[in-house]
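Student: Take a look at the following structure, please.
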Amino acid sequence: MPPRQSRQARRRSYDQYCATARALDDVGDRWTLLIVRELLAGPRRYTDLHADLPGVSTDMLAGRLKDMESSALVTRRRLPPPVSASVYELTDRGRALLPVLRALAAWGAPALEEPRPTDAVRAHWFAVPLLTALEGLGAKVVQVSLDEGEFHVRTGADGQPEYGDGPAPDADVRLRTDAATCRALAAGELTLAEAVEAGRAALEETARPL
């Protein structure tokens, strides 16, 4: 029996000697890239992942995480006491998917239009589509506040952007806007300067101690 047959019983391969096909063997399944989106914000517990992926069943999420571990996209580790919980986090191979998510977000942003009545919304889902606009601010840490919540984007030690859910006490700049403006920024219909001038966004620079 081939060593990978048990895995392929659940995950079928395209069986094509093609880089795109090989990539889709690992990330082409439903929910996989959205799990990557969540974990790009940092390690998450299973319950947190499930809460921020509305619509995914517990069995599907567990199966996808196992597949992603097999593909060396994520690892699972136990937090030290007193937390006593396991978290999932991306490997370097998983984090390397950020440019893929950015390209998909740029391609998909014009299709957002108005939210459908059935659409769930989380503030940090706007982080990837807004990375280009926020990088233009030249700040190390930007906190973004929407009615739906807050997220932050920081420049990592390697110069690459990193984002996280929730506020950032060390933010250099705070941006207040709304989901509709985020969509317009992501779609390239509006620049951040134009959004501020139109009163659709407010920027506040934070005084940092010397």
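Chains: A, B, ... in order of the structure tokens. Residues: from 1 per chain. Ligands: from 1, in order shown.
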Can you check which parts of stretch 61-176 of chain A lie within 12 Å of stretch 187-191 of chain A? Per residue, the shortest pair of atoms and distance in Å to one decimal, counting only C-alpha atoms, sorted by chain and number, as CSV.
Tutor:
residue,atom,partner,partner_atom,distance
A:Arg102,CA,A:Ala187,CA,11.9
A:Ala103,CA,A:Ala187,CA,11.7
A:Leu104,CA,A:Ala187,CA,11.6
A:Ala105,CA,A:Ala187,CA,8.9
A:Ala106,CA,A:Ala187,CA,6.6
A:Trp107,CA,A:Ala187,CA,8.2
A:Gly108,CA,A:Ala187,CA,8.2
A:Ala109,CA,A:Ala187,CA,5.0
A:Pro110,CA,A:Ala187,CA,5.1
A:Ala111,CA,A:Ala187,CA,8.7
A:Leu112,CA,A:Ala187,CA,8.8
A:Glu113,CA,A:Ala187,CA,9.9
A:Phe126,CA,A:Ala187,CA,11.5
A:Pro129,CA,A:Ala187,CA,8.3
A:Leu130,CA,A:Ala187,CA,9.4
A:Thr132,CA,A:Gly188,CA,10.1
A:Ala133,CA,A:Thr191,CA,7.4
A:Leu134,CA,A:Thr191,CA,10.3
A:Gly136,CA,A:Thr191,CA,10.0
A:Leu137,CA,A:Thr191,CA,11.4
Student: For those residues, write N, CA and C atoms to a file as a PDB file, in the first residue's frame.
Tutor:
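Full text of selection12.pdb as output:
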ATOM      1  N   ARG A 102      -3.291  38.133  -0.352  1.00  0.00           N
ATOM      2  CA  ARG A 102      -3.376  39.529  -0.789  1.00  0.00           C
ATOM      3  C   ARG A 102      -3.849  39.614  -2.236  1.00  0.00           C
ATOM      4  N   ALA A 103      -3.332  38.736  -3.084  1.00  0.00           N
ATOM      5  CA  ALA A 103      -3.739  38.749  -4.491  1.00  0.00           C
ATOM      6  C   ALA A 103      -5.204  38.361  -4.630  1.00  0.00           C
ATOM      7  N   LEU A 104      -5.636  37.365  -3.877  1.00  0.00           N
ATOM      8  CA  LEU A 104      -7.044  36.956  -3.933  1.00  0.00           C
ATOM      9  C   LEU A 104      -7.961  38.062  -3.429  1.00  0.00           C
ATOM     10  N   ALA A 105      -7.532  38.744  -2.354  1.00  0.00           N
ATOM     11  CA  ALA A 105      -8.351  39.830  -1.810  1.00  0.00           C
ATOM     12  C   ALA A 105      -8.477  40.967  -2.820  1.00  0.00           C
ATOM     13  N   ALA A 106      -7.368  41.309  -3.485  1.00  0.00           N
ATOM     14  CA  ALA A 106      -7.409  42.380  -4.485  1.00  0.00           C
ATOM     15  C   ALA A 106      -8.315  41.995  -5.653  1.00  0.00           C
ATOM     16  N   TRP A 107      -8.276  40.734  -6.033  1.00  0.00           N
ATOM     17  CA  TRP A 107      -9.102  40.249  -7.141  1.00  0.00           C
ATOM     18  C   TRP A 107     -10.584  40.200  -6.755  1.00  0.00           C
ATOM     19  N   GLY A 108     -10.847  39.853  -5.494  1.00  0.00           N
ATOM     20  CA  GLY A 108     -12.230  39.685  -5.061  1.00  0.00           C
ATOM     21  C   GLY A 108     -12.903  40.926  -4.523  1.00  0.00           C
ATOM     22  N   ALA A 109     -12.121  41.950  -4.160  1.00  0.00           N
ATOM     23  CA  ALA A 109     -12.704  43.150  -3.547  1.00  0.00           C
ATOM     24  C   ALA A 109     -13.779  43.808  -4.406  1.00  0.00           C
ATOM     25  N   PRO A 110     -13.615  43.948  -5.726  1.00  0.00           N
ATOM     26  CA  PRO A 110     -14.668  44.594  -6.520  1.00  0.00           C
ATOM     27  C   PRO A 110     -15.996  43.840  -6.512  1.00  0.00           C
ATOM     28  N   ALA A 111     -15.975  42.567  -6.137  1.00  0.00           N
ATOM     29  CA  ALA A 111     -17.203  41.769  -6.135  1.00  0.00           C
ATOM     30  C   ALA A 111     -17.970  41.855  -4.814  1.00  0.00           C
ATOM     31  N   LEU A 112     -17.413  42.572  -3.827  1.00  0.00           N
ATOM     32  CA  LEU A 112     -18.080  42.612  -2.522  1.00  0.00           C
ATOM     33  C   LEU A 112     -19.420  43.336  -2.583  1.00  0.00           C
ATOM     34  N   GLU A 113     -19.445  44.516  -3.192  1.00  0.00           N
ATOM     35  CA  GLU A 113     -20.662  45.322  -3.250  1.00  0.00           C
ATOM     36  C   GLU A 113     -21.262  45.463  -1.852  1.00  0.00           C
ATOM     37  N   PHE A 126     -10.881  42.561   7.112  1.00  0.00           N
ATOM     38  CA  PHE A 126     -10.457  43.647   6.230  1.00  0.00           C
ATOM     39  C   PHE A 126      -8.946  43.867   6.263  1.00  0.00           C
ATOM     40  N   PRO A 129      -7.116  42.832   2.776  1.00  0.00           N
ATOM     41  CA  PRO A 129      -7.413  43.757   1.670  1.00  0.00           C
ATOM     42  C   PRO A 129      -6.860  45.164   1.874  1.00  0.00           C
ATOM     43  N   LEU A 130      -6.647  45.582   3.132  1.00  0.00           N
ATOM     44  CA  LEU A 130      -6.204  46.948   3.402  1.00  0.00           C
ATOM     45  C   LEU A 130      -4.691  47.079   3.567  1.00  0.00           C
ATOM     46  N   THR A 132      -2.122  47.101   1.597  1.00  0.00           N
ATOM     47  CA  THR A 132      -1.444  48.032   0.696  1.00  0.00           C
ATOM     48  C   THR A 132      -1.717  49.478   1.092  1.00  0.00           C
ATOM     49  N   ALA A 133      -2.976  49.802   1.386  1.00  0.00           N
ATOM     50  CA  ALA A 133      -3.324  51.174   1.781  1.00  0.00           C
ATOM     51  C   ALA A 133      -2.657  51.555   3.100  1.00  0.00           C
ATOM     52  N   LEU A 134      -2.602  50.626   4.053  1.00  0.00           N
ATOM     53  CA  LEU A 134      -2.029  50.935   5.359  1.00  0.00           C
ATOM     54  C   LEU A 134      -0.516  51.043   5.304  1.00  0.00           C
ATOM     55  N   GLY A 136       1.085  52.412   3.066  1.00  0.00           N
ATOM     56  CA  GLY A 136       1.377  53.744   2.570  1.00  0.00           C
ATOM     57  C   GLY A 136       1.483  54.793   3.668  1.00  0.00           C
ATOM     58  N   LEU A 137       1.013  54.469   4.874  1.00  0.00           N
ATOM     59  CA  LEU A 137       1.109  55.416   5.987  1.00  0.00           C
ATOM     60  C   LEU A 137       2.525  55.503   6.538  1.00  0.00           C
TER      61      LEU A 137
END
Student: Would you mind writing down, as number ranges by chain, each residue of stretch 13-206 of chain A that DSSP on the backbone assigns to strand (DSSP E or B)?
Tutor: A: 44, 74-78, 86-90, 141-146, 149-155, 161-165, 173-176, 202-205
Student: Just give me the gap between atom CA of A:Gly199 and atom CA of A:His152 in Å, one decimal is fine.
Tutor: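 About the pair atom CA of A:Gly199 and atom CA of A:His152: they are 21.1 Å apart.
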Student: Go ahead and compute the interatomic distance for atom CA of A:Leu203 and atom CA of A:Glu135, in Å to one decimal.
Tutor: 13.9 Å
Student: Would you compute the distance between atom CA of A:Leu175 and atom CA of A:Ala139? Give it in Å to one decimal.
Tutor: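 Distance reported for this atom pair: 11.5 Å.
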Student: Could you pull out the alpha helix (DSSP H) residues of chain A from DSSP and send them as a VMD selection string?
Tutor: chain A and resid 5 to 10 19 to 27 32 to 39 46 to 51 58 to 70 92 to 95 98 to 108 127 to 135 179 to 186 192 to 197
Student: Can I get the selection written as a JSON list (two decimals), in the first residue's frame, with C-alpha atoms?
Tutor:
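Saved result, result.json, follows:
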[["chain", "number", "residue", "atom", "x", "y", "z"],
["A", 5, "GLN", "CA", -2.99, 6.33, 0.30],
["A", 6, "SER", "CA", -4.78, 6.82, 3.64],
["A", 7, "ARG", "CA", -4.43, 10.59, 3.30],
["A", 8, "GLN", "CA", -5.59, 10.55, -0.31],
["A", 9, "ALA", "CA", -8.68, 8.59, 0.72],
["A", 10, "ARG", "CA", -9.89, 11.88, 2.18],
["A", 19, "ALA", "CA", 3.14, 23.68, -9.69],
["A", 20, "THR", "CA", -0.37, 25.16, -9.62],
["A", 21, "ALA", "CA", -1.95, 21.73, -9.31],
["A", 22, "ARG", "CA", 0.46, 20.75, -6.54],
["A", 23, "ALA", "CA", -0.38, 23.95, -4.66],
["A", 24, "LEU", "CA", -4.11, 23.28, -5.02],
["A", 25, "ASP", "CA", -3.60, 19.76, -3.71],
["A", 26, "ASP", "CA", -2.70, 21.43, -0.40],
["A", 27, "VAL", "CA", -4.77, 24.64, -0.32],
["A", 32, "THR", "CA", -8.32, 25.93, 3.86],
["A", 33, "LEU", "CA", -7.32, 29.43, 2.77],
["A", 34, "LEU", "CA", -9.81, 30.99, 5.18],
["A", 35, "ILE", "CA", -8.15, 29.05, 8.00],
["A", 36, "VAL", "CA", -4.84, 30.48, 6.79],
["A", 37, "ARG", "CA", -6.42, 33.95, 6.87],
["A", 38, "GLU", "CA", -7.36, 33.45, 10.52],
["A", 39, "LEU", "CA", -3.98, 32.05, 11.54],
["A", 46, "TYR", "CA", -9.78, 25.53, 17.93],
["A", 47, "THR", "CA", -12.80, 27.20, 19.55],
["A", 48, "ASP", "CA", -11.62, 30.65, 18.41],
["A", 49, "LEU", "CA", -11.14, 29.41, 14.86],
["A", 50, "HIS", "CA", -14.60, 27.90, 14.84],
["A", 51, "ALA", "CA", -16.13, 31.14, 16.16],
["A", 58, "THR", "CA", -16.79, 21.07, 13.64],
["A", 59, "ASP", "CA", -16.00, 17.91, 11.67],
["A", 60, "MET", "CA", -14.97, 19.89, 8.60],
["A", 61, "LEU", "CA", -12.74, 22.23, 10.60],
["A", 62, "ALA", "CA", -11.06, 19.35, 12.43],
["A", 63, "GLY", "CA", -10.49, 17.54, 9.13],
["A", 64, "ARG", "CA", -9.04, 20.57, 7.41],
["A", 65, "LEU", "CA", -6.67, 21.25, 10.31],
["A", 66, "LYS", "CA", -5.43, 17.65, 10.18],
["A", 67, "ASP", "CA", -4.87, 17.96, 6.44],
["A", 68, "MET", "CA", -3.01, 21.24, 6.94],
["A", 69, "GLU", "CA", -0.79, 19.64, 9.56],
["A", 70, "SER", "CA", -0.03, 16.82, 7.12],
["A", 92, "ASP", "CA", 6.86, 29.28, 7.62],
["A", 93, "ARG", "CA", 5.29, 27.49, 4.65],
["A", 94, "GLY", "CA", 1.85, 28.54, 5.80],
["A", 95, "ARG", "CA", 2.88, 32.16, 6.42],
["A", 98, "LEU", "CA", 0.18, 35.87, 2.68],
["A", 99, "PRO", "CA", 0.96, 37.16, -0.85],
["A", 100, "VAL", "CA", -1.56, 34.63, -2.21],
["A", 101, "LEU", "CA", -4.24, 35.95, 0.16],
["A", 102, "ARG", "CA", -3.38, 39.53, -0.79],
["A", 103, "ALA", "CA", -3.74, 38.75, -4.49],
["A", 104, "LEU", "CA", -7.04, 36.96, -3.93],
["A", 105, "ALA", "CA", -8.35, 39.83, -1.81],
["A", 106, "ALA", "CA", -7.41, 42.38, -4.49],
["A", 107, "TRP", "CA", -9.10, 40.25, -7.14],
["A", 108, "GLY", "CA", -12.23, 39.69, -5.06],
["A", 127, "ALA", "CA", -6.81, 43.42, 7.29],
["A", 128, "VAL", "CA", -5.48, 41.62, 4.20],
["A", 129, "PRO", "CA", -7.41, 43.76, 1.67],
["A", 130, "LEU", "CA", -6.20, 46.95, 3.40],
["A", 131, "LEU", "CA", -2.51, 46.05, 3.75],
["A", 132, "THR", "CA", -1.44, 48.03, 0.70],
["A", 133, "ALA", "CA", -3.32, 51.17, 1.78],
["A", 134, "LEU", "CA", -2.03, 50.93, 5.36],
["A", 135, "GLU", "CA", 1.56, 50.37, 4.29],
["A", 179, "ALA", "CA", -16.81, 48.64, 6.35],
["A", 180, "ALA", "CA", -18.07, 50.41, 3.22],
["A", 181, "THR", "CA", -14.97, 52.59, 3.10],
["A", 182, "CYS", "CA", -12.76, 49.54, 3.67],
["A", 183, "ARG", "CA", -14.38, 47.88, 0.68],
["A", 184, "ALA", "CA", -13.79, 50.97, -1.49],
["A", 185, "LEU", "CA", -10.16, 51.19, -0.38],
["A", 186, "ALA", "CA", -9.59, 47.51, -1.08],
["A", 192, "LEU", "CA", -6.87, 56.72, 2.09],
["A", 193, "ALA", "CA", -6.16, 60.43, 1.61],
["A", 194, "GLU", "CA", -9.42, 60.81, -0.33],
["A", 195, "ALA", "CA", -11.32, 58.91, 2.38],
["A", 196, "VAL", "CA", -9.95, 61.26, 5.06],
["A", 197, "GLU", "CA", -10.72, 64.35, 2.97]]
